[in-house]
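Read the structure below first, then the notes.
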There are 2 protein chains.
Amino acid sequence: MWKLRPPLELPLASKYKSVIETLSRDTGTVIKISRLSAEEEFPELHRNYTLMARVLTVPMYKRLCQKVTESGFTFDDVIQPGLEDPGDPARVTVGCVAGDAESYNLFCEFFDCIIKLCHHGFQMTQSQKSNFNLHNLKGAETLDGDYVLSCEMQICRNVEGFSFPTHCSRGERRQLQSLAKQAFTKMDTAFPGKYWPLHELAQEATDPGVNDCIASGPSVMMMRTGVARDWPDARGVWISQNETVYIWVNMEEHLQITSKQEDGSIKEAFGLAINVVRKLGEMYKELKHPFIWKDHLGYVLSSPAVVGTGLKATVQVKLNHISKHPKFEDILSRLCLGASGSGVCTIFNKRTAGVTEVELLQLVVDGIKLLIDMDKSLGLGEAIDCLYPTQK
Amino acid sequence: MWKLRPPLELPLASKYKSVIETLSRDTGTVIKISRLSAEEEFPELHRNYTLMARVLTVPMYKRLCQKVTESGFTFDDVIQPGLEDPGDPARVTVGCVAGDAESYNLFCEFFDCIIKLCHHGFQMTQSQKSNFNLHNLKGAETLDGDYVLSCEMQICRNVEGFSFPTHCSRGERRQLQSLAKQAFTKMDTAFPGKYWPLHELAQEATDPGVNDCIASGPSVMMMRTGVARDWPDARGVWISQNETVYIWVNMEEHLQITSKQEDGSIKEAFGLAINVVRKLGEMYKELKHPFIWKDHLGYVLSSPAVVGTGLKATVQVKLNHISKHPKFEDILSRLCLGASGSGVCTIFNKRTAGVTEVELLQLVVDGIKLLIDMDKSLGLGEAIDCLYPTQK
């Protein structure tokens, strides 16, 4: 019969009590003793639809559950978001986060599998390449303006020397904000703008999107990943003078650079975003806290779903016909794209690693062009078989 | 000028690296090195309306922030819920939790102040007394049935040898569920009933209150306090055969015993609840995991707002007149009662420590009687000055 362990007996803890006390006093150490076995602690993954649940096994858990990064991130911390939100068959999330760059090394057995699933088979033997050269982007100018309504580029970066927003302490978060303010000041000649701490923003900002975010507070997702702790302390947004570029500080990642165009000028939106990111990167390098880049992972971020380029391109497209087509999901999947909405759709890239920035944008541009062609054909009552994309 | 610390330099961590590694391997230890000072990590408490914010100072934080209980609960863990939900002037919460019984000792400098504020000046020199003798409860039978619509008693208990639901691991939570099942089986002759794990309950239970709880998932409050982790794993509810008593397992506390009457029979509801709690207590003692009781704190629970008796008496009362009176809040506060709603009100006790169970119920009974008298007077257009309670 199953036997309860005796209460309040921690033989290992007692054995190490004096060394723990010394350590604790001298280093500000947090120590947690796990009394139970990996099998007893293994999570319930039945009806869990995350990629985490697809990857995690008992032997893997056994190997990883007692490891901890230098900043104190454990494997249980890694998988916690996916245990709190198991998703459903129609909504598959990654279900895990990294707490610092070291997480990807220490728990690579787990993260490499997740990254492979997220990014179209991206292997740990591959290395990430960066290419910002917009001359290589073909056909972005000829997107049909009757269909493409607006576009947004978002580029995320984390900074060397700090835990990620999923795990950083209040002090770290404040240092990160000070660092960001210094960088913004330094780049003011090239890109004039103003930094607004979140608590000051509520009254001042005119952009309804910004105000919504402030008024509603952090999302449930941000609460689950630990990003919302101490809200709104040391968060804010830098807004360029002409209000085309926003840089969020200490939200899901250390820095989140967004540029928006109210038409289909993908090239302009992207061009602006990369110019700001480049300048910002130089400033952070001068401040001795460069963006975190690894050969295999590219830009290292808290979500394995966005490592690599850290780039998300979102385009609003009027697709009245094709978005209601029964094969729409399959077509999107073949194009490596995601979509939300029907009629006017928001189309975005799903993978971020194993391709360069320009290659990724090329996928989006080509995909949208094809979707528009298919939509036009369906509007004329024509078949779309000849336009159907092959599996990429 | 403010100076950034050098990135990725952890001299203390390096000094202790080998000892940390040994400890980690041998004990399953989680180690977190804090690089920053207590001043740098001190939380932003401006516009924070919790009792935590009222009590916490920089010197206190400095003394407590590096302490950790044997099970690994830190002072930052204690105050986290109040940082995520600062409340507002009209909604003052405690803003803190304990992760285990030791939290109240290790962080007593903080918790004693909170308990004093919650429980009407209850001092750490006082000790908690328990009295379940219903013969000492006067006047409960003569509550006016035209006014009192229903009543509910809730008694919470935690169990020796485990962290609280705010902090326990998956393995601990499962052991607690097994322990509860054993206790329920052992008390089946005296109190027949059936235990439903949460995931099985959704289809089976007929009580809409229970189904709502299952369907909506854990509350935001449960997410903030850490209670919702790994939901719904190892949670459930025991329901008595006649469906008058519910015992929730691994929700806000290890055990939450609830008994309900669809009229004003406070004595019956309480009598039933205490009989079940007594029996359950005997069973847990036999299983070598008694309920946690300390002379000063009484029954030790994760929220300092409910330590002492762990008892919440909730009574639905029709108070059409007095509940709309401008002095209603002041009257309630003088009676040590809380209320929600208007017209038909839910009246409940606010303090749980420094009084026995019977004294606490006497406060509720006397208070409700007075409120009904005042309501009757107002209904007849009479003044209520002569009924006005003195400050307790």
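Labels for the structure tokens follow display order: chains A, B, ..., residues from 1 in each chain, ligands from 1.
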With a distance cut-off of 8 Å and only C-alpha atoms, select the neighbouring residues of region 94-110 of chain A, excluding the residue or stretch itself and same-chain residues fewer than 2 positions from it, and output the selection as a short mmCIF file (atom, residue, chain, number, x, y, z; two decimals) with all heavy atoms, in the first residue's frame.
data_model
loop_
_atom_site.label_atom_id
_atom_site.label_comp_id
_atom_site.auth_asym_id
_atom_site.auth_seq_id
_atom_site.Cartn_x
_atom_site.Cartn_y
_atom_site.Cartn_z
N THR A 50 -0.47 21.26 -25.15
CA THR A 50 0.68 22.11 -25.46
C THR A 50 1.80 21.28 -26.08
O THR A 50 1.83 20.05 -25.97
CB THR A 50 1.22 22.77 -24.18
OG1 THR A 50 1.69 21.73 -23.31
CG2 THR A 50 0.15 23.57 -23.46
N LEU A 51 2.73 21.97 -26.72
CA LEU A 51 3.91 21.29 -27.25
C LEU A 51 4.73 20.72 -26.09
O LEU A 51 5.34 19.65 -26.22
CB LEU A 51 4.76 22.26 -28.07
CG LEU A 51 4.10 22.87 -29.33
CD1 LEU A 51 5.13 23.70 -30.09
CD2 LEU A 51 3.50 21.81 -30.23
N MET A 52 4.73 21.41 -24.97
CA MET A 52 5.43 20.92 -23.77
C MET A 52 4.97 19.50 -23.44
O MET A 52 5.79 18.60 -23.22
CB MET A 52 5.17 21.87 -22.60
CG MET A 52 5.71 21.46 -21.26
SD MET A 52 4.59 20.38 -20.31
CE MET A 52 3.31 21.53 -19.83
N ALA A 53 3.65 19.29 -23.42
CA ALA A 53 3.11 17.98 -23.05
C ALA A 53 3.47 16.93 -24.10
O ALA A 53 3.61 15.74 -23.77
CB ALA A 53 1.60 18.07 -22.90
N VAL A 55 6.25 16.80 -25.70
CA VAL A 55 7.69 16.52 -25.63
C VAL A 55 8.10 15.85 -24.32
O VAL A 55 8.96 14.97 -24.29
CB VAL A 55 8.46 17.87 -25.80
CG1 VAL A 55 9.89 17.75 -25.30
CG2 VAL A 55 8.41 18.31 -27.25
N LEU A 56 7.46 16.23 -23.21
CA LEU A 56 7.94 15.83 -21.88
C LEU A 56 7.61 14.36 -21.54
O LEU A 56 6.49 13.91 -21.72
CB LEU A 56 7.31 16.74 -20.83
CG LEU A 56 7.87 16.59 -19.40
CD1 LEU A 56 9.35 16.92 -19.36
CD2 LEU A 56 7.11 17.49 -18.44
N MET A 60 12.83 12.13 -19.05
CA MET A 60 13.36 13.48 -19.29
C MET A 60 13.17 14.35 -18.05
O MET A 60 14.08 15.06 -17.62
CB MET A 60 12.66 14.12 -20.49
CG MET A 60 13.25 15.46 -20.90
SD MET A 60 12.20 16.38 -22.05
CE MET A 60 12.60 15.59 -23.59
N LEU A 64 15.92 16.37 -15.65
CA LEU A 64 15.96 17.84 -15.64
C LEU A 64 15.42 18.49 -14.36
O LEU A 64 15.76 19.62 -14.04
CB LEU A 64 15.16 18.38 -16.83
CG LEU A 64 15.68 18.00 -18.22
CD1 LEU A 64 14.78 18.61 -19.30
CD2 LEU A 64 17.12 18.47 -18.42
N LYS A 67 17.68 20.37 -11.88
CA LYS A 67 18.64 21.36 -12.37
C LYS A 67 18.09 22.77 -12.18
O LYS A 67 16.89 22.99 -12.20
CB LYS A 67 18.93 21.12 -13.85
CG LYS A 67 19.71 19.84 -14.11
CD LYS A 67 20.12 19.73 -15.56
CE LYS A 67 20.97 18.48 -15.79
NZ LYS A 67 21.36 18.34 -17.19
N VAL A 68 19.01 23.69 -12.01
CA VAL A 68 18.59 25.07 -11.81
C VAL A 68 19.65 26.00 -12.41
O VAL A 68 20.85 25.74 -12.30
CB VAL A 68 18.36 25.34 -10.30
CG1 VAL A 68 19.58 24.97 -9.49
CG2 VAL A 68 17.99 26.77 -10.04
N THR A 69 19.23 27.03 -13.11
CA THR A 69 20.19 27.95 -13.72
C THR A 69 20.84 28.81 -12.64
O THR A 69 20.36 28.86 -11.50
CB THR A 69 19.52 28.90 -14.74
OG1 THR A 69 18.68 29.81 -14.03
CG2 THR A 69 18.71 28.14 -15.76
N GLU A 70 21.90 29.50 -13.00
CA GLU A 70 22.62 30.29 -12.01
C GLU A 70 21.72 31.37 -11.40
O GLU A 70 21.86 31.71 -10.23
CB GLU A 70 23.85 30.93 -12.67
CG GLU A 70 25.01 31.04 -11.71
CD GLU A 70 26.34 31.22 -12.43
OE1 GLU A 70 26.58 30.55 -13.46
OE2 GLU A 70 27.13 32.05 -11.96
N SER A 71 20.78 31.87 -12.17
CA SER A 71 19.88 32.90 -11.62
C SER A 71 18.70 32.29 -10.88
O SER A 71 17.86 33.02 -10.34
CB SER A 71 19.37 33.80 -12.74
OG SER A 71 18.28 33.22 -13.42
N PHE A 73 16.41 29.63 -12.06
CA PHE A 73 15.24 29.15 -12.79
C PHE A 73 15.26 27.63 -12.84
O PHE A 73 16.25 27.03 -13.22
CB PHE A 73 15.24 29.74 -14.21
CG PHE A 73 13.86 29.89 -14.80
CD1 PHE A 73 12.95 30.79 -14.25
CD2 PHE A 73 13.45 29.15 -15.90
CE1 PHE A 73 11.67 30.94 -14.79
CE2 PHE A 73 12.18 29.30 -16.44
CZ PHE A 73 11.29 30.19 -15.88
N PHE A 75 13.39 23.67 -13.73
CA PHE A 75 12.63 23.07 -14.82
C PHE A 75 11.13 23.16 -14.56
O PHE A 75 10.34 23.32 -15.50
CB PHE A 75 13.05 21.61 -15.04
CG PHE A 75 12.45 21.05 -16.29
CD1 PHE A 75 12.78 21.55 -17.53
CD2 PHE A 75 11.51 20.03 -16.22
CE1 PHE A 75 12.20 21.06 -18.70
CE2 PHE A 75 10.92 19.52 -17.38
CZ PHE A 75 11.27 20.04 -18.62
N ASP A 77 9.71 25.69 -13.23
CA ASP A 77 9.38 27.04 -13.70
C ASP A 77 9.19 27.06 -15.22
O ASP A 77 8.32 27.75 -15.74
CB ASP A 77 10.49 28.04 -13.32
CG ASP A 77 10.61 28.25 -11.82
OD1 ASP A 77 9.59 28.11 -11.12
OD2 ASP A 77 11.73 28.56 -11.34
N VAL A 78 10.04 26.29 -15.92
CA VAL A 78 9.97 26.23 -17.39
C VAL A 78 8.59 25.76 -17.86
O VAL A 78 7.98 26.36 -18.74
CB VAL A 78 11.07 25.29 -17.95
CG1 VAL A 78 10.83 24.98 -19.44
CG2 VAL A 78 12.46 25.89 -17.75
N ILE A 79 8.08 24.69 -17.24
CA ILE A 79 6.85 24.06 -17.76
C ILE A 79 5.57 24.59 -17.11
O ILE A 79 4.47 24.24 -17.53
CB ILE A 79 6.91 22.52 -17.60
CG1 ILE A 79 7.02 22.11 -16.12
CG2 ILE A 79 8.06 21.95 -18.41
CD1 ILE A 79 6.97 20.62 -15.89
N GLN A 80 5.69 25.44 -16.09
CA GLN A 80 4.51 25.91 -15.35
C GLN A 80 3.43 26.55 -16.24
O GLN A 80 2.25 26.24 -16.09
CB GLN A 80 4.95 26.85 -14.22
CG GLN A 80 3.88 27.12 -13.18
CD GLN A 80 3.37 25.86 -12.49
OE1 GLN A 80 4.15 25.05 -12.03
NE2 GLN A 80 2.06 25.66 -12.46
N PRO A 81 3.78 27.44 -17.19
CA PRO A 81 2.72 28.08 -17.99
C PRO A 81 1.84 27.06 -18.73
O PRO A 81 0.64 27.26 -18.83
CB PRO A 81 3.51 28.95 -18.98
CG PRO A 81 4.80 29.23 -18.30
CD PRO A 81 5.11 27.98 -17.52
N GLY A 82 2.43 26.00 -19.19
CA GLY A 82 1.66 24.98 -19.91
C GLY A 82 0.81 24.12 -19.01
O GLY A 82 -0.14 23.47 -19.46
N LEU A 83 1.14 24.09 -17.73
CA LEU A 83 0.32 23.34 -16.78
C LEU A 83 -0.88 24.18 -16.36
O LEU A 83 -1.95 23.66 -16.07
CB LEU A 83 1.15 22.93 -15.57
CG LEU A 83 2.34 22.02 -15.90
CD1 LEU A 83 3.18 21.75 -14.67
CD2 LEU A 83 1.86 20.72 -16.52
N ASP A 85 -2.27 26.49 -18.35
CA ASP A 85 -3.12 26.65 -19.53
C ASP A 85 -2.85 25.51 -20.51
O ASP A 85 -1.98 25.62 -21.37
CB ASP A 85 -2.85 28.00 -20.20
CG ASP A 85 -3.69 28.19 -21.45
OD1 ASP A 85 -4.72 27.49 -21.58
OD2 ASP A 85 -3.32 29.02 -22.30
N PRO A 86 -3.60 24.40 -20.37
CA PRO A 86 -3.34 23.22 -21.20
C PRO A 86 -3.79 23.38 -22.65
O PRO A 86 -3.49 22.53 -23.48
CB PRO A 86 -4.15 22.12 -20.51
CG PRO A 86 -5.24 22.84 -19.78
CD PRO A 86 -4.68 24.17 -19.39
N VAL A 92 -3.13 25.29 -29.85
CA VAL A 92 -1.92 24.64 -29.34
C VAL A 92 -0.86 25.70 -29.09
O VAL A 92 -0.44 26.41 -30.00
CB VAL A 92 -1.40 23.60 -30.36
CG1 VAL A 92 -0.09 23.00 -29.89
CG2 VAL A 92 -2.44 22.52 -30.58
N ASP A 112 15.27 21.99 -27.23
CA ASP A 112 15.58 21.70 -28.63
C ASP A 112 14.41 20.99 -29.32
O ASP A 112 14.12 21.24 -30.50
CB ASP A 112 16.87 20.86 -28.73
CG ASP A 112 18.11 21.72 -28.47
OD1 ASP A 112 18.00 22.96 -28.53
OD2 ASP A 112 19.19 21.15 -28.21
N CYS A 113 13.72 20.11 -28.58
CA CYS A 113 12.54 19.43 -29.15
C CYS A 113 11.41 20.43 -29.42
O CYS A 113 10.74 20.36 -30.45
CB CYS A 113 12.01 18.37 -28.19
SG CYS A 113 13.16 17.05 -27.85
N ILE A 114 11.20 21.33 -28.47
CA ILE A 114 10.14 22.34 -28.63
C ILE A 114 10.43 23.22 -29.84
O ILE A 114 9.55 23.48 -30.68
CB ILE A 114 10.05 23.22 -27.36
CG1 ILE A 114 9.64 22.40 -26.13
CG2 ILE A 114 9.12 24.41 -27.58
CD1 ILE A 114 8.19 22.03 -26.05
N CYS A 118 8.24 23.92 -33.18
CA CYS A 118 7.75 25.29 -33.46
C CYS A 118 8.20 25.78 -34.82
O CYS A 118 7.50 26.53 -35.47
CB CYS A 118 8.34 26.29 -32.47
SG CYS A 118 7.52 26.37 -30.93
N PHE A 162 20.97 39.92 -17.63
CA PHE A 162 19.74 39.96 -16.82
C PHE A 162 18.87 38.73 -17.09
O PHE A 162 18.89 38.19 -18.20
CB PHE A 162 18.92 41.21 -17.16
CG PHE A 162 19.60 42.49 -16.82
CD1 PHE A 162 20.37 43.16 -17.76
CD2 PHE A 162 19.49 43.01 -15.54
CE1 PHE A 162 21.01 44.35 -17.43
CE2 PHE A 162 20.13 44.20 -15.21
CZ PHE A 162 20.89 44.87 -16.16
N SER A 163 18.11 38.32 -16.08
CA SER A 163 17.08 37.31 -16.30
C SER A 163 16.00 37.92 -17.20
O SER A 163 15.89 39.14 -17.31
CB SER A 163 16.42 36.92 -14.99
OG SER A 163 17.38 36.53 -14.05
N PHE A 164 15.21 37.05 -17.81
CA PHE A 164 14.12 37.51 -18.68
C PHE A 164 12.94 38.01 -17.83
O PHE A 164 12.85 37.70 -16.64
CB PHE A 164 13.68 36.36 -19.59
CG PHE A 164 14.76 35.90 -20.54
CD1 PHE A 164 14.66 34.67 -21.20
CD2 PHE A 164 15.89 36.67 -20.79
CE1 PHE A 164 15.65 34.24 -22.07
CE2 PHE A 164 16.88 36.25 -21.66
CZ PHE A 164 16.76 35.02 -22.30
N PRO A 165 11.99 38.73 -18.46
CA PRO A 165 10.83 39.24 -17.70
C PRO A 165 10.02 38.15 -16.99
O PRO A 165 9.32 38.42 -16.02
CB PRO A 165 9.99 39.94 -18.78
CG PRO A 165 10.98 40.38 -19.79
CD PRO A 165 12.01 39.28 -19.84
N THR A 166 10.11 36.92 -17.45
CA THR A 166 9.44 35.80 -16.80
C THR A 166 10.02 35.51 -15.42
O THR A 166 9.41 34.80 -14.62
CB THR A 166 9.62 34.52 -17.64
OG1 THR A 166 11.01 34.42 -18.00
CG2 THR A 166 8.77 34.57 -18.89
N HIS A 167 11.21 36.02 -15.13
CA HIS A 167 11.93 35.57 -13.94
C HIS A 167 12.69 36.68 -13.21
O HIS A 167 13.06 36.51 -12.05
CB HIS A 167 12.91 34.47 -14.39
CG HIS A 167 13.80 33.94 -13.32
ND1 HIS A 167 13.31 33.44 -12.13
CD2 HIS A 167 15.16 33.84 -13.24
CE1 HIS A 167 14.34 33.04 -11.38
NE2 HIS A 167 15.44 33.29 -12.02
N CYS A 168 12.91 37.83 -13.86
CA CYS A 168 13.79 38.85 -13.27
C CYS A 168 13.20 39.39 -11.96
O CYS A 168 12.00 39.35 -11.74
CB CYS A 168 14.04 39.98 -14.26
SG CYS A 168 12.62 41.01 -14.57
N THR A 225 2.83 33.48 -17.13
CA THR A 225 4.25 33.33 -17.43
C THR A 225 5.14 34.07 -16.44
O THR A 225 6.36 34.04 -16.57
CB THR A 225 4.56 33.85 -18.85
OG1 THR A 225 4.04 35.18 -18.96
CG2 THR A 225 3.90 32.98 -19.91
N ILE A 292 21.15 39.62 -26.56
CA ILE A 292 21.63 38.24 -26.45
C ILE A 292 21.47 37.53 -27.78
O ILE A 292 20.35 37.40 -28.30
CB ILE A 292 20.85 37.45 -25.37
CG1 ILE A 292 20.81 38.24 -24.06
CG2 ILE A 292 21.49 36.08 -25.16
CD1 ILE A 292 19.95 37.59 -22.99
N VAL A 300 17.91 35.37 -28.47
CA VAL A 300 17.38 34.50 -27.42
C VAL A 300 16.28 35.22 -26.67
O VAL A 300 16.49 36.32 -26.15
CB VAL A 300 18.50 34.07 -26.45
CG1 VAL A 300 17.96 33.07 -25.45
CG2 VAL A 300 19.67 33.46 -27.22
N LEU A 301 15.09 34.61 -26.65
CA LEU A 301 13.93 35.26 -26.03
C LEU A 301 13.26 34.31 -25.06
O LEU A 301 13.57 33.12 -25.02
CB LEU A 301 12.97 35.71 -27.14
CG LEU A 301 13.60 36.75 -28.09
CD1 LEU A 301 12.85 36.84 -29.39
CD2 LEU A 301 13.67 38.11 -27.41
N SER A 302 12.34 34.83 -24.25
CA SER A 302 11.77 33.98 -23.20
C SER A 302 10.84 32.91 -23.77
O SER A 302 10.71 31.85 -23.19
CB SER A 302 11.04 34.84 -22.16
OG SER A 302 9.87 35.38 -22.69
N SER A 303 10.22 33.18 -24.92
CA SER A 303 9.39 32.15 -25.53
C SER A 303 10.13 31.45 -26.66
O SER A 303 10.60 32.11 -27.60
CB SER A 303 8.09 32.74 -26.09
OG SER A 303 7.43 31.76 -26.85
N PRO A 304 10.22 30.11 -26.59
CA PRO A 304 10.89 29.39 -27.68
C PRO A 304 10.16 29.55 -29.01
O PRO A 304 10.74 29.25 -30.07
CB PRO A 304 10.88 27.93 -27.21
CG PRO A 304 9.83 27.85 -26.15
CD PRO A 304 9.76 29.21 -25.52
N ALA A 305 8.93 30.04 -28.99
CA ALA A 305 8.17 30.23 -30.23
C ALA A 305 8.67 31.42 -31.04
O ALA A 305 8.31 31.55 -32.20
CB ALA A 305 6.69 30.41 -29.91
#
Please report, as a ChimeraX atom specification, each residue of region 171-299 of chain A to which DSSP assigns alpha helix (DSSP H) when run on this structure's backbone. /A:171-186,198-204,208-216,220-224,266-286
Taking 4 positions as the minimum chain separation for residues in the same chain, which residues sit within 9 Å of Tyr388 (chain A) when counting only C-alpha atoms? Answer as a list in words.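 Using only C-alpha atoms, the neighbours found are Ile331, Leu370, Met374 and Ile384 of chain A.
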Could you list, as a list in words, every residue within 7 Å of Cys156 (chain B), counting only C-alpha atoms and ignoring same-chain residues fewer than 4 positions away?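 Everything that qualifies: Glu253, Leu255, Gln256, Ile257, Gly310 and Leu311 of chain B.
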Serialized selection, N, CA, C and O atoms, as an mmCIF file, in the first residue's frame:
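The resulting file, part_3.cif, is shown below:
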data_model
loop_
_atom_site.group_PDB
_atom_site.id
_atom_site.type_symbol
_atom_site.label_atom_id
_atom_site.label_comp_id
_atom_site.auth_asym_id
_atom_site.auth_seq_id
_atom_site.Cartn_x
_atom_site.Cartn_y
_atom_site.Cartn_z
ATOM 1 N N GLU B 253 -7.023 26.232 1.037
ATOM 2 C CA GLU B 253 -6.328 25.569 2.142
ATOM 3 C C GLU B 253 -6.402 24.059 1.879
ATOM 4 O O GLU B 253 -7.100 23.620 0.974
ATOM 5 N N LEU B 255 -7.949 21.739 3.558
ATOM 6 C CA LEU B 255 -9.326 21.274 3.734
ATOM 7 C C LEU B 255 -10.244 22.453 4.007
ATOM 8 O O LEU B 255 -9.893 23.354 4.779
ATOM 9 N N GLN B 256 -11.408 22.428 3.392
ATOM 10 C CA GLN B 256 -12.363 23.532 3.531
ATOM 11 C C GLN B 256 -13.730 22.875 3.715
ATOM 12 O O GLN B 256 -14.293 22.329 2.764
ATOM 13 N N ILE B 257 -14.215 22.874 4.970
ATOM 14 C CA ILE B 257 -15.453 22.165 5.298
ATOM 15 C C ILE B 257 -16.617 23.158 5.279
ATOM 16 O O ILE B 257 -16.580 24.171 5.981
ATOM 17 N N GLY B 310 -10.345 29.868 11.759
ATOM 18 C CA GLY B 310 -10.512 29.386 10.388
ATOM 19 C C GLY B 310 -11.974 29.318 9.991
ATOM 20 O O GLY B 310 -12.340 28.611 9.057
ATOM 21 N N LEU B 311 -12.792 30.058 10.704
ATOM 22 C CA LEU B 311 -14.252 29.943 10.558
ATOM 23 C C LEU B 311 -14.839 31.156 9.856
ATOM 24 O O LEU B 311 -14.570 32.296 10.216
#
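CA of Asp366 (chain B) is positioned 7.8 Å from CA of Gly139 (chain B).
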As a count of residues only, please: every residue in region 43-240 of chain A that DSSP puts in strand (DSSP E). 20
